[in-house]
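Notes follow once the structure below has been shown.
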Amino acid sequence: MTKTTKPKKVEKEIEETIKEILEKLKVETEVEIVKETDDHYKVNIKTQETGLLIGRHGEIINGLQLFLGVVLYKKLGNWVHVVLDVGDYRKTREETIKEMVNRIVAEVETTLRPVALPYLTPLERRIVHLMLTDHPKVTSESIGEGKDRLITIKPR
């Protein structure tokens, strides 16, 4: 973040922008902005219409997050990292991914054969890679491009 952009201005801009987007979608929400670091913010959205804002496999929430980031860049003149969460979707999804990875790690340790995970978003793949960075027996590798990019967990 540039020194000219004050955190309170950024928070206000995030809140106004996301509320304007949600208003256009005619979705009633409560919005909470949490500053995590100087240029990282989390936006928690509470609504009765969580499915509408999350979408299939998180496609809508990921699209909204990207759109919000671009709009904020145009308004502020610099990139601000914003993570949207609707109804604790991201938190729940992260827990599910960690459970799946732990099961697959046990399988790979037993069979000594690599296992490919189902499609994960870039953010979800990052969770897997970070989990296995210091693992003594297995490692992770991303292969492919775009929607065909998959993670394989394999023995070291």
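All residue names refer to the structure tokens as shown: chains lettered A, B, ... in order, residues numbered from 1 in each chain, ligands numbered from 1 in order.
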What's the 10 Å shell around Arg149 (chain A), counting only C-alpha atoms, without same-chain residues fewer than 6 positions away, as a count of residues only? 8
Would you pick out the contacts of Leu130 (chain A) at 12 Å or less, using only C-alpha atoms, so that residues sharing its chain but fewer than 5 positions from it are not included, and give the list as an mmCIF file with C-alpha atoms, in the first residue's frame?
```cif
data_model
loop_
_atom_site.group_PDB
_atom_site.id
_atom_site.type_symbol
_atom_site.label_atom_id
_atom_site.label_comp_id
_atom_site.auth_asym_id
_atom_site.auth_seq_id
_atom_site.Cartn_x
_atom_site.Cartn_y
_atom_site.Cartn_z
ATOM 1 C CA LYS A 98 -7.131 -29.990 5.726
ATOM 2 C CA VAL A 101 -5.199 -33.729 2.892
ATOM 3 C CA LEU A 123 -6.198 -20.171 -2.669
ATOM 4 C CA GLU A 124 -7.092 -23.747 -1.709
ATOM 5 C CA ARG A 125 -3.982 -25.143 -3.432
ATOM 6 C CA HIS A 135 6.277 -32.574 6.097
ATOM 7 C CA THR A 139 5.428 -33.308 -0.664
ATOM 8 C CA SER A 140 2.930 -31.584 -2.939
ATOM 9 C CA GLU A 141 3.257 -30.543 -6.561
#
```
Using only C-alpha atoms, find the one residue out of A:Arg156, A:Leu52, A:Ile33, A:Lys46 that sits nearest to Val108 (chain A).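 So, comparing all the options, the nearest one is A:Arg156.
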Between A:Lys154, A:Ile14, A:Thr111, A:Lys9, which residue has the minimum interatomic distance to Val70 (chain A), considering only C-alpha atoms?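 Between A:Lys154, A:Ile14, A:Thr111, A:Lys9, the residue approaching Val70 (chain A) most closely is A:Ile14.
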Once DSSP has gone over the backbone, tell me which residues of chain A are in alpha helix (DSSP H), as an MDAnalysis selection string. chainID A and resid 7:24 50:54 59:76 89:111 122:132
Fewer than 4 positions away in the same chain doesn't count, so skip those; otherwise give me all residues within 12 Å of Gly63 (chain A), counting only C-alpha atoms, as a short mmCIF file (atom, residue, chain, number, x, y, z; two decimals) with C-alpha atoms, in the first residue's frame.
```
data_model
loop_
_atom_site.label_atom_id
_atom_site.label_comp_id
_atom_site.auth_asym_id
_atom_site.auth_seq_id
_atom_site.Cartn_x
_atom_site.Cartn_y
_atom_site.Cartn_z
CA LEU A 53 -23.16 -15.29 -2.84
CA ILE A 54 -21.00 -18.42 -2.59
CA GLY A 55 -22.11 -20.19 -5.76
CA ARG A 56 -21.13 -23.65 -6.99
CA HIS A 57 -17.68 -24.58 -5.65
CA GLY A 58 -17.21 -20.97 -4.47
CA GLU A 59 -17.26 -19.53 -8.00
CA PHE A 67 -14.17 -7.84 -8.88
CA LEU A 68 -13.91 -6.03 -5.55
CA GLY A 69 -10.11 -6.04 -5.79
CA VAL A 70 -10.17 -4.53 -9.30
CA VAL A 83 -10.54 -11.83 1.18
CA LEU A 84 -14.32 -12.18 1.12
CA THR A 121 -8.87 -23.00 -6.42
#
```
As a CSV table (one decimal) with C-alpha atoms, in the first residue's frame, please: every residue in region 21-107 of chain A that a backbone DSSP assignment puts in strand (DSSP E or B).
```csv
chain,number,residue,atom,x,y,z
A,29,THR,CA,-26.4,-8.3,4.3
A,30,GLU,CA,-24.3,-7.3,7.3
A,31,VAL,CA,-20.7,-6.5,6.4
A,32,GLU,CA,-17.7,-6.5,8.8
A,33,ILE,CA,-14.2,-5.3,7.7
A,34,VAL,CA,-11.3,-6.8,9.6
A,35,LYS,CA,-7.8,-5.3,9.0
A,36,GLU,CA,-5.3,-8.2,9.2
A,37,THR,CA,-2.1,-6.3,8.1
A,40,HIS,CA,-4.6,-7.2,3.9
A,41,TYR,CA,-8.3,-7.1,4.8
A,42,LYS,CA,-11.0,-9.7,5.4
A,43,VAL,CA,-14.6,-8.9,4.6
A,44,ASN,CA,-17.1,-11.0,6.5
A,45,ILE,CA,-20.6,-11.0,5.0
A,46,LYS,CA,-23.6,-12.3,6.9
A,47,THR,CA,-26.8,-12.9,4.9
A,81,HIS,CA,-5.5,-7.7,-0.7
A,82,VAL,CA,-9.2,-8.4,0.3
A,83,VAL,CA,-10.5,-11.8,1.2
A,84,LEU,CA,-14.3,-12.2,1.1
A,85,ASP,CA,-16.0,-14.7,3.4
A,86,VAL,CA,-19.7,-15.4,3.4
```
Near-Trp79 (chain A) list (9 Å; only C-alpha atoms; drop same-chain fewer than 4 positions) as a PyMOL selection string: chain A and resi 1+39+69-70+72-74
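Of the residues listed (A:Pro136, A:Gly87, A:Gly77, A:Gly146), A:Gly87 shows the shortest atom-to-atom separation from Ile61 (chain A); distances use only C-alpha atoms.
For the pair CA of Asn78 (chain A) and CA of Lys12 (chain A), the interatomic distance is 15.2 Å.
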